[in-house]
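Student: Handing you this structure, nothing more for now.
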Amino acid sequence: MPALSPSEITARQQLGRYSTLFDPVYAAFFNEHQAGRACAHQVPLEQSRANPALYAAPSAPMEAEPVKESEVWCAVTKPEGRIKVKIYKPLDEEAGGEPRPLYFHIHGGGFVVGQAGMDAPLLRTLVRELGIVVADVDYRLAPEFPAPTPLEDVWEAFAFILSQSTSLNISLSKIILGGISAGANLATILSLRLSLSPPPLLTTAPLLQLLIVPCVTACIFSPSGSLLPTAPTSWQELGDNPILGEDRMTWFYDCYIGEMGSERRKEWEGKWEVSPLEASGEVLRGAARAFVVTAEIDILRDEGKLYAEKLKENGVVVRYEEYKAVSHTFVSFTGLLDESRRLVKDILKEFRDVLAL
């Protein structure tokens, strides 16, 4: 995608009709902090890589109290390299104590931007409120590392964390997987792959998959780039959303699985390892129990809802919630929005239920 001029960026980064669709508090925040700012897909990749914070979406989280934070490094093989996993633990955690539940978290960013630590306020809250351990994986990003590398990184990082259960003091029978946006995509695919070929150390299936504003299908466009008639309704209604729109999603998928019409794109877009919504019932029926979260004013809303319905149809226990008058990034606005705070309360309830806390 060619870089946009400053005037084109300003024109695209205005609320327009969304000023009456978004929560008024959020609309005011957008106008003050984001309107007119360039996003990563609107500038050359090397420019956004050099200063990612400059092009990251603004947020307004409610900061949690401190927890223990550390890093471990994991060898990965597809291709060979090393990735970081951030570990969050309760302040009162002691070596040799009772093993604690694990939440394995995967950040979002369209497979192209983002990093471990970007969801730290939420993860610290989970640790403080529940006394669990969180592992936050820093998988490698497209286009430098296109599909399937991010998924393979997540798979190998998960196996690595299992192998470190004693030193990390985690229980292998109390595991939750989850992620946000592209991270939710990778989390649910990880759940499906674990059901089909669990690693030797995983003796009990994950108790829950937390899927926050998931992208679950790349089968959206024709080879010429137009929306398919079968594209979810929210893509057709909300494609011009300034928070996450069709242009940004197009860029993400171009980077991750190849440009539209390319042989690489044809190879990958319909595979369930990229588009779990397209998975067969045979693949889906082994998935972990799910909490699927969508935002009312989000281009990904309807594919998340369709995925929740398809999981249910195949015997998976699913809770589905749509949060009102908010958009794709609302999870990072707990310091500002009631719906964001409601989401955190709902996540805590789901975790307590499956972990019997």
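Chain lettering (A, B, ...) mirrors the order of the structure tokens, residue numbering begins at 1 for each chain separately, and ligand numbering begins at 1 in order of display.
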If we count only C-alpha atoms and set the cut-off at 7 Å, which residues sit around A:Val293, ignoring sequence neighbours fewer than 6 positions away in its own chain? Please answer as a PyMOL selection string.
Tutor: chain A and resi 211-213+320-322
Student: Based on DSSP run over this structure's backbone, return all residues of stretch 56-175 of chain A in strand (DSSP E), as a ChimeraX atom specification.
Tutor: /A:68-77,80-89,100-106,133-138,170-175
Student: Per residue of stretch 143-182 of chain A within 12 Å of stretch 328-340 of chain A, record the nearest atom pair and its distance in Å to one decimal, counting only C-alpha atoms, with rows in chain order and ascending residue number, as CSV.
Tutor:
residue,atom,partner,partner_atom,distance
A:Gly179,CA,A:Val331,CA,11.2
A:Ile180,CA,A:Val331,CA,8.7
A:Ser181,CA,A:His328,CA,8.2
A:Ala182,CA,A:His328,CA,11.5
Student: For the selection you just gave me, I'd like the residues written to a file as an mmCIF file, in the first residue's frame, keeping C-alpha atoms.
Tutor:
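File produced: again-v2.cif:
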data_model
loop_
_atom_site.group_PDB
_atom_site.id
_atom_site.type_symbol
_atom_site.label_atom_id
_atom_site.label_comp_id
_atom_site.auth_asym_id
_atom_site.auth_seq_id
_atom_site.Cartn_x
_atom_site.Cartn_y
_atom_site.Cartn_z
ATOM 1 C CA GLY A 179 -5.549 -12.856 22.908
ATOM 2 C CA ILE A 180 -6.772 -9.655 21.354
ATOM 3 C CA SER A 181 -7.584 -9.177 17.653
ATOM 4 C CA ALA A 182 -4.841 -10.970 15.668
#
Student: Using atom CA of A:Pro200 and atom CA of A:Gly81 as the two end points, give the distance in Å to one decimal.
Tutor: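 Those two atoms sit 23.1 Å apart.
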Student: With the cut-off set at 12 Å and counting only C-alpha atoms, tabulate each residue of stretch 110-146 of chain A with an atom at most that distance from an atom of stretch 42-59 of chain A, showing the nearest atom pair and its distance in Å to one decimal, ordered by chain and increasing number, as CSV.
Tutor:
residue,atom,partner,partner_atom,distance
A:Val112,CA,A:Leu45,CA,9.7
A:Val113,CA,A:Pro52,CA,7.8
A:Gly114,CA,A:Pro52,CA,8.1
A:Gln115,CA,A:Pro52,CA,9.9
A:Met118,CA,A:Ala56,CA,10.1
A:Asp119,CA,A:Ser59,CA,10.5
A:Pro121,CA,A:Ser59,CA,10.8
A:Leu141,CA,A:Arg49,CA,10.8
A:Ala142,CA,A:Leu45,CA,10.6
A:Pro143,CA,A:Leu45,CA,9.3
A:Glu144,CA,A:Leu45,CA,10.4
Student: Using only all heavy atoms, please write the residues we just selected to a file, as an mmCIF file, in the first residue's frame.
Tutor:
data_model
loop_
_atom_site.group_PDB
_atom_site.id
_atom_site.type_symbol
_atom_site.label_atom_id
_atom_site.label_comp_id
_atom_site.auth_asym_id
_atom_site.auth_seq_id
_atom_site.Cartn_x
_atom_site.Cartn_y
_atom_site.Cartn_z
ATOM 1 N N VAL A 112 1.278 -7.605 12.336
ATOM 2 C CA VAL A 112 2.285 -6.722 11.727
ATOM 3 C C VAL A 112 2.888 -5.749 12.742
ATOM 4 O O VAL A 112 4.071 -5.414 12.649
ATOM 5 C CB VAL A 112 1.663 -5.927 10.554
ATOM 6 C CG1 VAL A 112 2.690 -5.014 9.889
ATOM 7 C CG2 VAL A 112 1.052 -6.865 9.525
ATOM 8 N N VAL A 113 2.108 -5.277 13.686
ATOM 9 C CA VAL A 113 2.591 -4.339 14.696
ATOM 10 C C VAL A 113 2.273 -4.902 16.074
ATOM 11 O O VAL A 113 1.607 -5.919 16.215
ATOM 12 C CB VAL A 113 1.954 -2.941 14.512
ATOM 13 C CG1 VAL A 113 2.354 -2.339 13.178
ATOM 14 C CG2 VAL A 113 0.433 -2.998 14.634
ATOM 15 N N GLY A 114 2.758 -4.218 17.109
ATOM 16 C CA GLY A 114 2.502 -4.647 18.476
ATOM 17 C C GLY A 114 3.653 -5.428 19.063
ATOM 18 O O GLY A 114 4.580 -5.844 18.357
ATOM 19 N N GLN A 115 3.587 -5.653 20.385
ATOM 20 C CA GLN A 115 4.641 -6.366 21.084
ATOM 21 C C GLN A 115 4.131 -6.823 22.441
ATOM 22 O O GLN A 115 3.135 -6.311 22.956
ATOM 23 C CB GLN A 115 5.883 -5.488 21.276
ATOM 24 C CG GLN A 115 5.674 -4.253 22.133
ATOM 25 C CD GLN A 115 5.035 -3.114 21.399
ATOM 26 O OE1 GLN A 115 5.352 -2.849 20.244
ATOM 27 N NE2 GLN A 115 4.105 -2.427 22.057
ATOM 28 N N MET A 118 2.190 -4.709 25.559
ATOM 29 C CA MET A 118 1.245 -3.666 25.177
ATOM 30 C C MET A 118 -0.093 -3.792 25.917
ATOM 31 O O MET A 118 -0.830 -2.821 26.038
ATOM 32 C CB MET A 118 1.022 -3.665 23.668
ATOM 33 C CG MET A 118 0.394 -4.902 23.106
ATOM 34 S SD MET A 118 0.315 -4.880 21.275
ATOM 35 C CE MET A 118 -0.985 -3.695 20.978
ATOM 36 N N ASP A 119 -0.382 -4.989 26.439
ATOM 37 C CA ASP A 119 -1.614 -5.206 27.197
ATOM 38 C C ASP A 119 -1.340 -5.324 28.696
ATOM 39 O O ASP A 119 -2.150 -5.893 29.442
ATOM 40 C CB ASP A 119 -2.313 -6.474 26.683
ATOM 41 C CG ASP A 119 -2.579 -6.412 25.193
ATOM 42 O OD1 ASP A 119 -3.062 -5.375 24.715
ATOM 43 O OD2 ASP A 119 -2.278 -7.417 24.493
ATOM 44 N N PRO A 121 -1.540 -3.387 31.374
ATOM 45 C CA PRO A 121 -2.537 -3.019 32.393
ATOM 46 C C PRO A 121 -3.581 -4.107 32.638
ATOM 47 O O PRO A 121 -3.911 -4.417 33.789
ATOM 48 C CB PRO A 121 -3.162 -1.740 31.829
ATOM 49 C CG PRO A 121 -2.072 -1.135 31.005
ATOM 50 C CD PRO A 121 -1.388 -2.309 30.371
ATOM 51 N N LEU A 141 6.888 -10.737 13.670
ATOM 52 C CA LEU A 141 5.840 -10.041 12.928
ATOM 53 C C LEU A 141 6.054 -10.093 11.422
ATOM 54 O O LEU A 141 7.179 -10.103 10.927
ATOM 55 C CB LEU A 141 5.789 -8.575 13.376
ATOM 56 C CG LEU A 141 5.516 -8.321 14.865
ATOM 57 C CD1 LEU A 141 5.683 -6.838 15.182
ATOM 58 C CD2 LEU A 141 4.127 -8.805 15.260
ATOM 59 N N ALA A 142 4.922 -10.078 10.697
ATOM 60 C CA ALA A 142 4.931 -9.897 9.246
ATOM 61 C C ALA A 142 5.160 -8.412 8.934
ATOM 62 O O ALA A 142 4.918 -7.565 9.788
ATOM 63 C CB ALA A 142 3.589 -10.370 8.672
ATOM 64 N N PRO A 143 5.632 -8.086 7.741
ATOM 65 C CA PRO A 143 5.908 -8.962 6.605
ATOM 66 C C PRO A 143 7.274 -9.629 6.647
ATOM 67 O O PRO A 143 7.545 -10.491 5.818
ATOM 68 C CB PRO A 143 5.815 -8.005 5.418
ATOM 69 C CG PRO A 143 6.297 -6.695 5.963
ATOM 70 C CD PRO A 143 5.769 -6.650 7.369
ATOM 71 N N GLU A 144 8.129 -9.219 7.612
ATOM 72 C CA GLU A 144 9.439 -9.861 7.692
ATOM 73 C C GLU A 144 9.293 -11.360 7.980
ATOM 74 O O GLU A 144 10.078 -12.180 7.508
ATOM 75 C CB GLU A 144 10.286 -9.199 8.778
ATOM 76 C CG GLU A 144 10.622 -7.736 8.503
ATOM 77 C CD GLU A 144 9.596 -6.777 9.092
ATOM 78 O OE1 GLU A 144 8.442 -7.197 9.335
ATOM 79 O OE2 GLU A 144 9.944 -5.604 9.323
#
Student: List the neighbours of A:Ala287 out to 12 Å using only C-alpha atoms; skip same-chain residues closer than 6 positions along the sequence, and give me the result as a PyMOL selection string.
Tutor: chain A and resi 177+187-198+205-210+276+279-281+307-308+310-318
Student: Filtering to C-alpha atoms, could you give me those residues as a PDB file, in the first residue's frame?
Tutor:
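The result, stored in part.pdb:
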ATOM      1  CA  LEU A 177      -5.387 -19.252  26.356  1.00  0.00           C
ATOM      2  CA  ALA A 187      -5.098 -18.143  20.363  1.00  0.00           C
ATOM      3  CA  THR A 188      -8.090 -19.957  18.890  1.00  0.00           C
ATOM      4  CA  ILE A 189      -5.921 -21.636  16.247  1.00  0.00           C
ATOM      5  CA  LEU A 190      -3.598 -22.724  19.063  1.00  0.00           C
ATOM      6  CA  SER A 191      -6.632 -24.190  20.852  1.00  0.00           C
ATOM      7  CA  LEU A 192      -7.643 -26.102  17.723  1.00  0.00           C
ATOM      8  CA  ARG A 193      -4.135 -27.398  17.114  1.00  0.00           C
ATOM      9  CA  LEU A 194      -3.794 -28.504  20.747  1.00  0.00           C
ATOM     10  CA  SER A 195      -6.992 -30.533  20.457  1.00  0.00           C
ATOM     11  CA  LEU A 196      -5.695 -32.271  17.336  1.00  0.00           C
ATOM     12  CA  SER A 197      -2.094 -32.900  18.438  1.00  0.00           C
ATOM     13  CA  PRO A 198      -1.479 -32.012  22.079  1.00  0.00           C
ATOM     14  CA  ALA A 205      -7.001 -29.456  27.684  1.00  0.00           C
ATOM     15  CA  PRO A 206      -7.047 -25.685  28.259  1.00  0.00           C
ATOM     16  CA  LEU A 207     -10.020 -24.661  30.379  1.00  0.00           C
ATOM     17  CA  LEU A 208     -10.929 -21.573  28.336  1.00  0.00           C
ATOM     18  CA  GLN A 209     -10.008 -19.504  25.316  1.00  0.00           C
ATOM     19  CA  LEU A 210     -10.517 -15.746  25.699  1.00  0.00           C
ATOM     20  CA  PRO A 276     -10.552 -20.558  11.753  1.00  0.00           C
ATOM     21  CA  ALA A 279     -12.586 -24.774   9.730  1.00  0.00           C
ATOM     22  CA  SER A 280     -14.639 -27.946   9.475  1.00  0.00           C
ATOM     23  CA  GLY A 281     -16.773 -29.239  12.313  1.00  0.00           C
ATOM     24  CA  TYR A 307     -17.380 -17.852  14.951  1.00  0.00           C
ATOM     25  CA  ALA A 308     -19.060 -18.041  18.360  1.00  0.00           C
ATOM     26  CA  LYS A 310     -20.127 -22.029  14.705  1.00  0.00           C
ATOM     27  CA  LEU A 311     -18.290 -23.170  17.833  1.00  0.00           C
ATOM     28  CA  LYS A 312     -21.648 -23.646  19.589  1.00  0.00           C
ATOM     29  CA  GLU A 313     -23.022 -25.615  16.647  1.00  0.00           C
ATOM     30  CA  ASN A 314     -20.094 -27.994  17.080  1.00  0.00           C
ATOM     31  CA  GLY A 315     -20.637 -28.629  20.757  1.00  0.00           C
ATOM     32  CA  VAL A 316     -18.270 -26.057  22.284  1.00  0.00           C
ATOM     33  CA  VAL A 317     -19.459 -24.173  25.369  1.00  0.00           C
ATOM     34  CA  VAL A 318     -19.437 -20.486  24.392  1.00  0.00           C
TER      35      VAL A 318
END
Student: Using only C-alpha atoms, which protein or nucleic acid residues come within 9 Å of A:Glu296? Drop anything in the same chain fewer than 6 positions from it, and give the result as a list in words.
Tutor: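 The residues that qualify are Glu322, Tyr323, Lys324, Ala325, Val326, Ser327 and His328 of chain A.
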Student: Mind dumping the selected residues with C-alpha atoms as a PDB file, in the first residue's frame?
Tutor:
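The resulting again-v2.pdb:
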ATOM      1  CA  GLU A 322     -21.094  -7.613  22.291  1.00  0.00           C
ATOM      2  CA  TYR A 323     -20.081  -4.364  24.015  1.00  0.00           C
ATOM      3  CA  LYS A 324     -22.081  -1.335  22.996  1.00  0.00           C
ATOM      4  CA  ALA A 325     -21.038   1.973  21.376  1.00  0.00           C
ATOM      5  CA  VAL A 326     -17.336   1.032  21.381  1.00  0.00           C
ATOM      6  CA  SER A 327     -14.842   0.082  18.700  1.00  0.00           C
ATOM      7  CA  HIS A 328     -11.947  -2.294  18.163  1.00  0.00           C
TER       8      HIS A 328
END
Student: I'd like to know which of A:Cys39, A:Val72, A:Ile176, A:Leu122 is closest to A:Phe104, using only C-alpha atoms.
Tutor: A:Ile176
Student: Restricting the calculation to only C-alpha atoms: of A:Leu15, A:Ala356, A:Val25, A:Ile161, which residue gets closest to A:Trp73?
Tutor: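 Closest to A:Trp73, using only C-alpha atoms: A:Ile161.
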Student: Point out the residue among A:Thr125, A:Phe30, A:Ala64, A:Pro199 with the least atom-to-atom distance to A:Lys345, counting only C-alpha atoms.
Tutor: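 Among the listed residues, A:Thr125 lies closest to A:Lys345.
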Student: Please return as a ChimeraX atom specification: the residues of stretch 67-303 of chain A that backbone DSSP assigns to alpha helix (DSSP H).
Tutor: /A:120-130,149-163,165-168,182-196,233-237,246-257,263-268,281-284,301-303
Student: Nearest residue to A:Gln164 out of A:Ser226, A:Gly109, A:Ala135, A:Ile243, using only C-alpha atoms?
Tutor: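 Answer, going by the shortest atom-to-atom distance: A:Ala135.
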Student: Please provide as JSON, numbers by chain all residues within 10 Å of A:Ala28, with the sequence filter that same-chain residues fewer than 6 positions apart are discarded (counting only C-alpha atoms).
Tutor: {"A": [15, 19, 22, 34]}
Student: Skip A:Leu202 itself and residues of its chain fewer than 5 positions away, then list as a VMD selection string all residues within 9 Å of it, counting only C-alpha atoms.
Tutor: chain A and resid 159 162 172 to 173 194
Student: Just to be explicit: take each residue in the selection above, keep C-alpha atoms, and write the result as an mmCIF file, in the first residue's frame.
Tutor:
data_model
loop_
_atom_site.group_PDB
_atom_site.id
_atom_site.type_symbol
_atom_site.label_atom_id
_atom_site.label_comp_id
_atom_site.auth_asym_id
_atom_site.auth_seq_id
_atom_site.Cartn_x
_atom_site.Cartn_y
_atom_site.Cartn_z
ATOM 1 C CA ALA A 159 5.379 -25.727 24.546
ATOM 2 C CA LEU A 162 4.875 -25.916 29.637
ATOM 3 C CA LEU A 172 -0.456 -27.792 33.860
ATOM 4 C CA SER A 173 -4.084 -28.631 34.638
ATOM 5 C CA LEU A 194 -3.794 -28.504 20.747
#
Student: Kindly give the distance, in Å, that separates atom CA of A:Thr250 and atom CA of A:Tyr139, rounded to a single decimal.
Tutor: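 Between atom CA of A:Thr250 and atom CA of A:Tyr139 the gap works out to 20.9 Å.
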Student: Can you pull out the residues contacting stretch 258-264 of chain A? Cut-off 8 Å, using only C-alpha atoms, and skip same-chain residues under 2 positions away; I want them as a VMD selection string.
Tutor: chain A and resid 221 to 225 253 to 256 266 to 268
